[in-house]
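To be precise, the following lines are my_file.cif, and they hold mmCIF, C-alpha atoms.
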data_start
#
loop_
_atom_site.group_PDB
_atom_site.id
_atom_site.type_symbol
_atom_site.label_atom_id
_atom_site.label_comp_id
_atom_site.auth_asym_id
_atom_site.auth_seq_id
_atom_site.Cartn_x
_atom_site.Cartn_y
_atom_site.Cartn_z
ATOM 1 C CA MET Q 1 149.210 -68.399 -106.134
ATOM 2 C CA SER Q 2 147.735 -69.313 -102.742
ATOM 3 C CA GLN Q 3 145.752 -66.664 -100.926
ATOM 4 C CA LYS Q 4 147.006 -65.576 -97.514
ATOM 5 C CA ILE Q 5 144.576 -65.019 -94.648
ATOM 6 C CA TRP Q 6 145.343 -63.229 -91.386
ATOM 7 C CA TYR Q 7 143.514 -63.709 -88.088
ATOM 8 C CA VAL Q 8 143.774 -61.877 -84.761
ATOM 9 C CA MET Q 9 142.707 -64.146 -81.905
ATOM 10 C CA GLU Q 10 142.132 -61.346 -79.397
ATOM 11 C CA THR Q 11 139.614 -59.510 -81.606
ATOM 12 C CA GLY Q 12 138.181 -62.281 -83.749
ATOM 13 C CA LEU Q 13 139.035 -60.332 -86.914
ATOM 14 C CA CYS Q 14 140.168 -62.028 -90.102
ATOM 15 C CA GLY Q 15 140.701 -61.010 -93.715
ATOM 16 C CA GLU Q 16 142.912 -61.247 -96.794
ATOM 17 C CA ALA Q 17 146.527 -60.450 -96.091
ATOM 18 C CA ASP Q 18 146.782 -58.287 -99.219
ATOM 19 C CA GLY Q 19 143.292 -56.843 -99.085
ATOM 20 C CA GLU Q 20 141.662 -53.994 -97.245
ATOM 21 C CA GLU Q 21 138.421 -55.751 -96.320
ATOM 22 C CA MET Q 22 138.110 -57.597 -93.068
ATOM 23 C CA GLU Q 23 135.291 -59.376 -91.298
ATOM 24 C CA ALA Q 24 134.474 -59.786 -87.616
ATOM 25 C CA VAL Q 25 133.930 -63.414 -86.686
ATOM 26 C CA GLN Q 26 132.481 -64.395 -83.306
ATOM 27 C CA PHE Q 27 134.076 -67.644 -82.147
ATOM 28 C CA ASN Q 28 133.159 -67.345 -78.498
ATOM 29 C CA GLN Q 29 129.784 -68.577 -77.292
ATOM 30 C CA PRO Q 30 127.635 -65.814 -75.730
ATOM 31 C CA LYS Q 31 127.276 -65.859 -71.982
ATOM 32 C CA LYS Q 32 123.900 -67.209 -70.880
ATOM 33 C CA GLU Q 33 122.565 -64.321 -68.818
ATOM 34 C CA ILE Q 34 118.820 -64.837 -69.330
ATOM 35 C CA ASP Q 35 116.773 -67.438 -67.449
ATOM 36 C CA ILE Q 36 113.538 -68.591 -69.110
ATOM 37 C CA TYR Q 37 111.044 -70.511 -66.993
ATOM 38 C CA TYR Q 38 108.493 -72.460 -69.035
ATOM 39 C CA VAL Q 39 105.388 -73.563 -67.148
ATOM 40 C CA THR Q 40 103.872 -76.631 -68.706
ATOM 41 C CA ASP Q 41 102.012 -79.865 -67.953
ATOM 42 C CA PRO Q 42 102.112 -83.380 -69.458
ATOM 43 C CA ILE Q 43 98.393 -83.305 -70.364
ATOM 44 C CA CYS Q 44 98.276 -79.734 -71.702
ATOM 45 C CA SER Q 45 97.169 -79.919 -75.361
ATOM 46 C CA HIS Q 46 98.384 -76.393 -76.134
ATOM 47 C CA CYS Q 47 101.829 -77.336 -74.783
ATOM 48 C CA TRP Q 48 101.862 -80.308 -77.169
ATOM 49 C CA ALA Q 49 100.855 -78.000 -80.029
ATOM 50 C CA LEU Q 50 103.661 -75.609 -79.082
ATOM 51 C CA GLU Q 51 106.290 -78.368 -79.080
ATOM 52 C CA PRO Q 52 107.710 -77.893 -82.638
ATOM 53 C CA VAL Q 53 107.984 -74.109 -82.225
ATOM 54 C CA LEU Q 54 109.601 -74.419 -78.807
ATOM 55 C CA ARG Q 55 112.143 -76.981 -79.999
ATOM 56 C CA ARG Q 56 113.113 -74.800 -82.946
ATOM 57 C CA PHE Q 57 113.432 -71.779 -80.654
ATOM 58 C CA GLN Q 58 115.734 -73.715 -78.334
ATOM 59 C CA LEU Q 59 117.886 -74.971 -81.223
ATOM 60 C CA GLN Q 60 118.275 -71.518 -82.742
ATOM 61 C CA PHE Q 61 118.639 -69.366 -79.631
ATOM 62 C CA GLY Q 62 119.463 -71.836 -76.843
ATOM 63 C CA SER Q 63 123.017 -70.531 -76.564
ATOM 64 C CA TYR Q 64 121.684 -67.198 -75.264
ATOM 65 C CA PHE Q 65 119.609 -68.388 -72.307
ATOM 66 C CA LYS Q 66 119.131 -71.031 -69.635
ATOM 67 C CA PHE Q 67 115.861 -72.897 -70.115
ATOM 68 C CA HIS Q 68 113.985 -74.181 -67.051
ATOM 69 C CA THR Q 69 110.902 -76.394 -67.298
ATOM 70 C CA VAL Q 70 108.372 -75.989 -64.467
ATOM 71 C CA MET Q 71 105.522 -78.431 -63.895
ATOM 72 C CA GLY Q 72 102.292 -76.488 -63.544
ATOM 73 C CA GLY Q 73 100.023 -78.974 -61.745
ATOM 74 C CA LEU Q 74 97.170 -78.654 -64.245
ATOM 75 C CA LEU Q 75 94.954 -81.429 -62.871
ATOM 76 C CA GLU Q 76 95.331 -82.900 -59.400
ATOM 77 C CA LYS Q 77 92.063 -84.852 -59.660
ATOM 78 C CA TRP Q 78 88.532 -84.683 -61.011
ATOM 79 C CA SER Q 79 85.753 -83.665 -58.626
ATOM 80 C CA ASP Q 80 82.067 -82.773 -58.581
ATOM 81 C CA THR Q 81 82.884 -79.124 -59.257
ATOM 82 C CA PRO Q 82 83.933 -77.954 -62.766
ATOM 83 C CA VAL Q 83 87.714 -77.915 -63.210
ATOM 84 C CA ASP Q 84 87.515 -75.195 -65.865
ATOM 85 C CA PRO Q 85 84.063 -73.558 -65.801
ATOM 86 C CA ALA Q 86 85.141 -70.665 -68.054
ATOM 87 C CA ASN Q 87 85.775 -73.116 -70.891
ATOM 88 C CA GLY Q 88 82.906 -75.451 -70.080
ATOM 89 C CA LYS Q 89 85.017 -78.331 -68.723
ATOM 90 C CA SER Q 90 83.284 -80.179 -65.933
ATOM 91 C CA GLY Q 91 84.561 -83.698 -66.575
ATOM 92 C CA PRO Q 92 86.909 -85.789 -68.730
ATOM 93 C CA ALA Q 93 84.422 -86.126 -71.613
ATOM 94 C CA ASP Q 94 84.351 -82.332 -72.033
ATOM 95 C CA VAL Q 95 88.070 -82.366 -72.860
ATOM 96 C CA VAL Q 96 87.651 -84.492 -76.021
ATOM 97 C CA ALA Q 97 86.240 -81.721 -78.228
ATOM 98 C CA HIS Q 98 88.789 -79.205 -76.909
ATOM 99 C CA TRP Q 99 91.720 -81.494 -77.665
ATOM 100 C CA LYS Q 100 90.454 -82.245 -81.157
ATOM 101 C CA GLU Q 101 90.053 -78.522 -81.837
ATOM 102 C CA VAL Q 102 93.632 -77.851 -80.715
ATOM 103 C CA GLY Q 103 94.822 -80.664 -82.972
ATOM 104 C CA GLN Q 104 92.982 -79.263 -85.991
ATOM 105 C CA HIS Q 105 94.354 -75.748 -85.501
ATOM 106 C CA SER Q 106 97.931 -76.812 -84.725
ATOM 107 C CA ARG Q 107 98.057 -79.820 -87.088
ATOM 108 C CA MET Q 108 99.630 -81.831 -84.297
ATOM 109 C CA PRO Q 109 98.303 -85.398 -83.911
ATOM 110 C CA ILE Q 110 95.689 -85.539 -81.154
ATOM 111 C CA ASP Q 111 93.199 -88.392 -80.865
ATOM 112 C CA GLY Q 112 91.454 -87.449 -77.626
ATOM 113 C CA SER Q 113 88.975 -90.328 -77.469
ATOM 114 C CA LEU Q 114 90.885 -91.659 -74.471
ATOM 115 C CA MET Q 115 89.232 -89.018 -72.299
ATOM 116 C CA ALA Q 116 85.815 -90.490 -73.034
ATOM 117 C CA ASP Q 117 86.827 -94.101 -72.362
ATOM 118 C CA ASP Q 118 89.889 -94.550 -70.124
ATOM 119 C CA TYR Q 119 90.471 -90.977 -69.033
ATOM 120 C CA ILE Q 120 93.462 -89.353 -67.349
ATOM 121 C CA THR Q 121 92.757 -89.232 -63.607
ATOM 122 C CA SER Q 122 95.500 -86.717 -62.787
ATOM 123 C CA SER Q 123 98.478 -84.993 -64.385
ATOM 124 C CA TYR Q 124 100.474 -85.326 -61.162
ATOM 125 C CA PRO Q 125 101.876 -88.878 -61.729
ATOM 126 C CA PRO Q 126 103.767 -88.008 -64.958
ATOM 127 C CA SER Q 127 104.716 -84.614 -63.471
ATOM 128 C CA ARG Q 128 106.274 -86.335 -60.460
ATOM 129 C CA VAL Q 129 108.152 -88.743 -62.725
ATOM 130 C CA PHE Q 130 109.503 -85.763 -64.670
ATOM 131 C CA LYS Q 131 110.770 -84.151 -61.462
ATOM 132 C CA VAL Q 132 112.372 -87.382 -60.222
ATOM 133 C CA ILE Q 133 114.263 -87.843 -63.506
ATOM 134 C CA GLN Q 134 115.229 -84.178 -63.476
ATOM 135 C CA LYS Q 135 116.545 -84.422 -59.907
ATOM 136 C CA GLU Q 136 118.235 -87.824 -60.161
ATOM 137 C CA TYR Q 137 119.600 -87.480 -63.710
ATOM 138 C CA ASN Q 138 119.417 -84.250 -65.737
ATOM 139 C CA ASP Q 139 117.121 -81.724 -67.419
ATOM 140 C CA ASN Q 140 117.602 -83.094 -70.932
ATOM 141 C CA LEU Q 141 116.565 -86.631 -69.986
ATOM 142 C CA ALA Q 142 113.569 -85.305 -68.051
ATOM 143 C CA TYR Q 143 112.436 -83.248 -71.035
ATOM 144 C CA THR Q 144 112.844 -86.285 -73.320
ATOM 145 C CA PHE Q 145 110.535 -88.189 -70.974
ATOM 146 C CA LEU Q 146 108.027 -85.323 -71.115
ATOM 147 C CA ARG Q 147 108.098 -85.363 -74.914
ATOM 148 C CA HIS Q 148 107.561 -89.148 -75.019
ATOM 149 C CA ALA Q 149 104.759 -88.934 -72.448
ATOM 150 C CA ARG Q 150 102.876 -86.320 -74.496
ATOM 151 C CA GLU Q 151 103.412 -88.324 -77.660
ATOM 152 C CA ALA Q 152 102.013 -91.434 -75.946
ATOM 153 C CA LEU Q 153 98.955 -89.500 -74.737
ATOM 154 C CA PHE Q 154 98.037 -87.339 -77.698
ATOM 155 C CA ALA Q 155 99.252 -89.370 -80.684
ATOM 156 C CA PHE Q 156 98.868 -92.932 -79.375
ATOM 157 C CA ASN Q 157 95.993 -92.494 -76.916
ATOM 158 C CA GLN Q 158 97.775 -94.006 -73.904
ATOM 159 C CA ASN Q 159 96.806 -93.207 -70.330
ATOM 160 C CA ILE Q 160 99.917 -91.596 -68.851
ATOM 161 C CA SER Q 161 98.359 -91.428 -65.379
ATOM 162 C CA ASP Q 162 98.625 -95.247 -65.340
ATOM 163 C CA SER Q 163 101.771 -96.508 -63.577
ATOM 164 C CA LYS Q 164 102.247 -99.334 -66.097
ATOM 165 C CA ILE Q 165 102.381 -96.863 -69.001
ATOM 166 C CA LEU Q 166 104.800 -94.650 -67.087
ATOM 167 C CA VAL Q 167 107.090 -97.614 -66.369
ATOM 168 C CA GLU Q 168 107.185 -98.471 -70.091
ATOM 169 C CA LEU Q 169 107.992 -94.876 -71.049
ATOM 170 C CA ILE Q 170 110.774 -94.626 -68.474
ATOM 171 C CA GLU Q 171 112.306 -97.952 -69.481
ATOM 172 C CA GLY Q 172 112.290 -96.696 -73.081
ATOM 173 C CA LEU Q 173 114.881 -94.167 -71.876
ATOM 174 C CA GLY Q 174 117.059 -96.952 -70.504
ATOM 175 C CA LEU Q 175 116.149 -96.218 -66.872
ATOM 176 C CA ASP Q 176 114.621 -98.322 -64.092
ATOM 177 C CA GLY Q 177 110.905 -97.667 -64.563
ATOM 178 C CA GLU Q 178 109.662 -99.453 -61.461
ATOM 179 C CA LYS Q 179 112.156 -97.674 -59.211
ATOM 180 C CA ILE Q 180 111.421 -94.194 -60.585
ATOM 181 C CA VAL Q 181 107.630 -94.641 -60.388
ATOM 182 C CA GLN Q 182 107.999 -95.814 -56.781
ATOM 183 C CA GLN Q 183 110.079 -92.729 -56.011
ATOM 184 C CA ALA Q 184 107.486 -90.513 -57.689
ATOM 185 C CA ASN Q 185 104.692 -92.068 -55.604
ATOM 186 C CA SER Q 186 106.654 -91.914 -52.353
ATOM 187 C CA ALA Q 187 107.231 -88.978 -50.032
ATOM 188 C CA LEU Q 188 109.746 -87.648 -52.583
ATOM 189 C CA GLY Q 189 107.080 -87.312 -55.261
ATOM 190 C CA PRO Q 190 104.654 -85.005 -53.418
ATOM 191 C CA SER Q 191 107.522 -82.891 -52.090
ATOM 192 C CA ILE Q 192 108.820 -82.091 -55.569
ATOM 193 C CA ALA Q 193 105.592 -82.121 -57.538
ATOM 194 C CA GLY Q 194 102.486 -81.904 -55.400
ATOM 195 C CA GLY Q 195 103.755 -79.665 -52.648
ATOM 196 C CA ARG Q 196 105.708 -77.186 -54.754
ATOM 197 C CA LEU Q 197 103.876 -77.111 -58.056
ATOM 198 C CA GLN Q 198 100.945 -74.935 -57.124
ATOM 199 C CA PRO Q 199 102.812 -72.348 -54.978
ATOM 200 C CA GLU Q 200 105.604 -72.162 -57.559
ATOM 201 C CA ARG Q 201 103.334 -71.296 -60.443
ATOM 202 C CA GLN Q 202 100.731 -69.244 -58.581
ATOM 203 C CA SER Q 203 103.267 -66.553 -57.740
ATOM 204 C CA TRP Q 204 103.357 -65.326 -61.349
ATOM 205 C CA CYS Q 205 101.780 -67.881 -63.699
ATOM 206 C CA GLN Q 206 98.421 -66.909 -65.183
ATOM 207 C CA ARG Q 207 97.797 -69.985 -67.331
ATOM 208 C CA ILE Q 208 99.423 -73.046 -68.885
ATOM 209 C CA PRO Q 209 101.485 -72.807 -71.021
ATOM 210 C CA ASP Q 210 103.132 -69.652 -69.733
ATOM 211 C CA ASP Q 211 106.690 -68.415 -69.382
ATOM 212 C CA TYR Q 212 108.778 -65.990 -67.363
ATOM 213 C CA TYR Q 213 112.200 -64.612 -68.161
ATOM 214 C CA GLY Q 214 114.809 -62.503 -66.421
ATOM 215 C CA GLU Q 215 114.205 -61.057 -62.977
ATOM 216 C CA SER Q 216 111.348 -58.688 -63.700
ATOM 217 C CA GLY Q 217 110.306 -59.044 -67.352
ATOM 218 C CA ARG Q 218 107.737 -61.601 -68.408
ATOM 219 C CA THR Q 219 105.973 -62.622 -71.582
ATOM 220 C CA ARG Q 220 102.801 -64.519 -72.359
ATOM 221 C CA ASN Q 221 102.377 -67.188 -75.001
#
Could I get this structure in the form of structure tokens?
Amino acid sequence: MSQKIWYVMETGLCGEADGEEMEAVQFNQPKKEIDIYYVTDPICSHCWALEPVLRRFQLQFGSYFKFHTVMGGLLEKWSDTPVDPANGKSGPADVVAHWKEVGQHSRMPIDGSLMADDYITSSYPPSRVFKVIQKEYNDNLAYTFLRHAREALFAFNQNISDSKILVELIEGLGLDGEKIVQQANSALGPSIAGGRLQPERQSWCQRIPDDYYGESGRTRN
């Protein structure tokens, strides 16, 4: 004999027609009422280490919130003054040991020797490219670029402040690399990355990576 099942669409309740037990089933997606702003940077080693955890978090709970990626403007350029005196970082060579330590603790692939040989001059070029792709296309494609850029830097030791490397990464997404890099380096680039990055994150960001959610609540990584 086949078993009969009843279902009430208005309540989402279902159960055996001849039984007393019934189960509530949620078929409707929850309304996304929480905004999460994630402050990051293409050359941030801790952001690279956080990548697997963040991706899993988004897959499991992404239906409950809107995720916004904010470029933090970690390194505009190197100068004669220490960029991070608290952590003993005065120049590119000082970053090598830090990156390797992050790689050992997180078990994420980080070479780091690039910073002693052909170092990153600024994190602004890949940040601007991210913002151009985000503005001209969509958030998902921009975040895919960010993931590929970090992978190129940390795992494959490529200089992502170099326009040629950026063009290759962009074209790997099926986009016009030359055009997007030109846009990023034009007046559009500074307006969406250089001009707004620092004020945007200084209002509430204490460090990179960092995040902010809701209207008044915030959490620290």
The PyMOL selection byres ((chain Q and resi 62) around 12) applied to the shown file, residues as an mmCIF file with C-alpha atoms, in the coordinates of the input:
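And here is the file that came out, selection.cif:
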data_model
loop_
_atom_site.group_PDB
_atom_site.id
_atom_site.type_symbol
_atom_site.label_atom_id
_atom_site.label_comp_id
_atom_site.auth_asym_id
_atom_site.auth_seq_id
_atom_site.Cartn_x
_atom_site.Cartn_y
_atom_site.Cartn_z
ATOM 1 C CA GLN Q 29 129.784 -68.577 -77.292
ATOM 2 C CA PRO Q 30 127.635 -65.814 -75.730
ATOM 3 C CA LYS Q 31 127.276 -65.859 -71.982
ATOM 4 C CA LYS Q 32 123.900 -67.209 -70.880
ATOM 5 C CA GLU Q 33 122.565 -64.321 -68.818
ATOM 6 C CA ILE Q 34 118.820 -64.837 -69.330
ATOM 7 C CA ASP Q 35 116.773 -67.438 -67.449
ATOM 8 C CA ILE Q 36 113.538 -68.591 -69.110
ATOM 9 C CA LEU Q 54 109.601 -74.419 -78.807
ATOM 10 C CA ARG Q 55 112.143 -76.981 -79.999
ATOM 11 C CA ARG Q 56 113.113 -74.800 -82.946
ATOM 12 C CA PHE Q 57 113.432 -71.779 -80.654
ATOM 13 C CA GLN Q 58 115.734 -73.715 -78.334
ATOM 14 C CA LEU Q 59 117.886 -74.971 -81.223
ATOM 15 C CA GLN Q 60 118.275 -71.518 -82.742
ATOM 16 C CA PHE Q 61 118.639 -69.366 -79.631
ATOM 17 C CA SER Q 63 123.017 -70.531 -76.564
ATOM 18 C CA TYR Q 64 121.684 -67.198 -75.264
ATOM 19 C CA PHE Q 65 119.609 -68.388 -72.307
ATOM 20 C CA LYS Q 66 119.131 -71.031 -69.635
ATOM 21 C CA PHE Q 67 115.861 -72.897 -70.115
ATOM 22 C CA HIS Q 68 113.985 -74.181 -67.051
#
Please write as a ChimeraX atom specification the list of polymer residues whose atoms come within 12 Å of (104.9, -84.4, -75.5), counting only C-alpha atoms and keeping to the coordinates of the file. /Q:40-52,54-55,108-110,126,130,142-156,160,169
Dump C-alpha atoms for the selected residues as a PDB file, in the frame of the given file?
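Okay, this is what ended up in again-v4.pdb:
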ATOM      1  CA  THR Q  40     103.872 -76.631 -68.706  1.00  0.00           C
ATOM      2  CA  ASP Q  41     102.012 -79.865 -67.953  1.00  0.00           C
ATOM      3  CA  PRO Q  42     102.112 -83.380 -69.458  1.00  0.00           C
ATOM      4  CA  ILE Q  43      98.393 -83.305 -70.364  1.00  0.00           C
ATOM      5  CA  CYS Q  44      98.276 -79.734 -71.702  1.00  0.00           C
ATOM      6  CA  SER Q  45      97.169 -79.919 -75.361  1.00  0.00           C
ATOM      7  CA  HIS Q  46      98.384 -76.393 -76.134  1.00  0.00           C
ATOM      8  CA  CYS Q  47     101.829 -77.336 -74.783  1.00  0.00           C
ATOM      9  CA  TRP Q  48     101.862 -80.308 -77.169  1.00  0.00           C
ATOM     10  CA  ALA Q  49     100.855 -78.000 -80.029  1.00  0.00           C
ATOM     11  CA  LEU Q  50     103.661 -75.609 -79.082  1.00  0.00           C
ATOM     12  CA  GLU Q  51     106.290 -78.368 -79.080  1.00  0.00           C
ATOM     13  CA  PRO Q  52     107.710 -77.893 -82.638  1.00  0.00           C
ATOM     14  CA  LEU Q  54     109.601 -74.419 -78.807  1.00  0.00           C
ATOM     15  CA  ARG Q  55     112.143 -76.981 -79.999  1.00  0.00           C
ATOM     16  CA  MET Q 108      99.630 -81.831 -84.297  1.00  0.00           C
ATOM     17  CA  PRO Q 109      98.303 -85.398 -83.911  1.00  0.00           C
ATOM     18  CA  ILE Q 110      95.689 -85.539 -81.154  1.00  0.00           C
ATOM     19  CA  PRO Q 126     103.767 -88.008 -64.958  1.00  0.00           C
ATOM     20  CA  PHE Q 130     109.503 -85.763 -64.670  1.00  0.00           C
ATOM     21  CA  ALA Q 142     113.569 -85.305 -68.051  1.00  0.00           C
ATOM     22  CA  TYR Q 143     112.436 -83.248 -71.035  1.00  0.00           C
ATOM     23  CA  THR Q 144     112.844 -86.285 -73.320  1.00  0.00           C
ATOM     24  CA  PHE Q 145     110.535 -88.189 -70.974  1.00  0.00           C
ATOM     25  CA  LEU Q 146     108.027 -85.323 -71.115  1.00  0.00           C
ATOM     26  CA  ARG Q 147     108.098 -85.363 -74.914  1.00  0.00           C
ATOM     27  CA  HIS Q 148     107.561 -89.148 -75.019  1.00  0.00           C
ATOM     28  CA  ALA Q 149     104.759 -88.934 -72.448  1.00  0.00           C
ATOM     29  CA  ARG Q 150     102.876 -86.320 -74.496  1.00  0.00           C
ATOM     30  CA  GLU Q 151     103.412 -88.324 -77.660  1.00  0.00           C
ATOM     31  CA  ALA Q 152     102.013 -91.434 -75.946  1.00  0.00           C
ATOM     32  CA  LEU Q 153      98.955 -89.500 -74.737  1.00  0.00           C
ATOM     33  CA  PHE Q 154      98.037 -87.339 -77.698  1.00  0.00           C
ATOM     34  CA  ALA Q 155      99.252 -89.370 -80.684  1.00  0.00           C
ATOM     35  CA  PHE Q 156      98.868 -92.932 -79.375  1.00  0.00           C
ATOM     36  CA  ILE Q 160      99.917 -91.596 -68.851  1.00  0.00           C
ATOM     37  CA  LEU Q 169     107.992 -94.876 -71.049  1.00  0.00           C
TER      38      LEU Q 169
END
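Look at Val96 of chain Q: the protein and nucleic acid residues within 12 Å of it, using only C-alpha atoms and passing over chain neighbours fewer than 2 places away, are Ser45, Gly88, Lys89, Ser90, Gly91, Pro92, Ala93, Asp94, His98, Trp99, Lys100, Glu101, Val102, Gly103, Ile110, Asp111, Gly112, Ser113, Leu114, Met115, Ala116, Asp117, Asp118, Tyr119, Ile120, Phe154 and Asn157 of chain Q.
The shortest atom-to-atom distance to Ile133 of chain Q, with all atoms listed in the file taken into account, belongs to Q:Val181 out of Q:Lys164, Q:Val181, Q:Ser106, Q:Gln158.
The space between atom CA of Ser122 of chain Q and atom CA of Asp162 of chain Q spans 9.4 Å.
Taking atom CA of Val167 of chain Q and atom CA of Val95 of chain Q as endpoints, the distance between them is 25.2 Å.
Summary of the local environment: counting only C-alpha atoms, residues at most 12 Å from Ile180 of chain Q, other than itself and those fewer than 5 positions away along its chain, are Q:Pro125, Q:Pro126, Q:Arg128, Q:Val129, Q:Phe130, Q:Lys131, Q:Val132, Q:Ile133, Q:Gln134, Q:Lys135, Q:Glu136, Q:Tyr137, Q:Ala142, Q:Ser163, Q:Lys164, Q:Leu166, Q:Val167, Q:Glu168, Q:Leu169, Q:Ile170, Q:Glu171, Q:Leu173, Q:Gly174, Q:Leu175, Q:Asn185, Q:Ser186, Q:Leu188, Q:Gly189.
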I'd like the interatomic distance between atom CA of Glu76 of chain Q and atom CA of Lys179 of chain Q, to a tenth of an Å. 22.4 Å
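The shortest atom-to-atom distance to Gly73 of chain Q, with all atoms listed in the file taken into account, belongs to Q:Tyr124 out of Q:Tyr124, Q:Gln104, Q:Glu178, Q:Tyr37.
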The centre and edge lengths of an axis-aligned box containing all atoms of segment 157-166 of chain Q present in the file, extended by 6 Å on each side, are to be given in Å to one decimal, as JSON.
{"center_x": 100.4, "center_y": -95.4, "center_z": -70.2, "size_x": 20.8, "size_y": 19.9, "size_z": 25.3}
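The nearest approach to Ala184 of chain Q among the residues Q:Thr69, Q:Asn140, Q:Ser161, Q:Ser79, with only C-alpha atoms taken into account, belongs to Q:Ser161.
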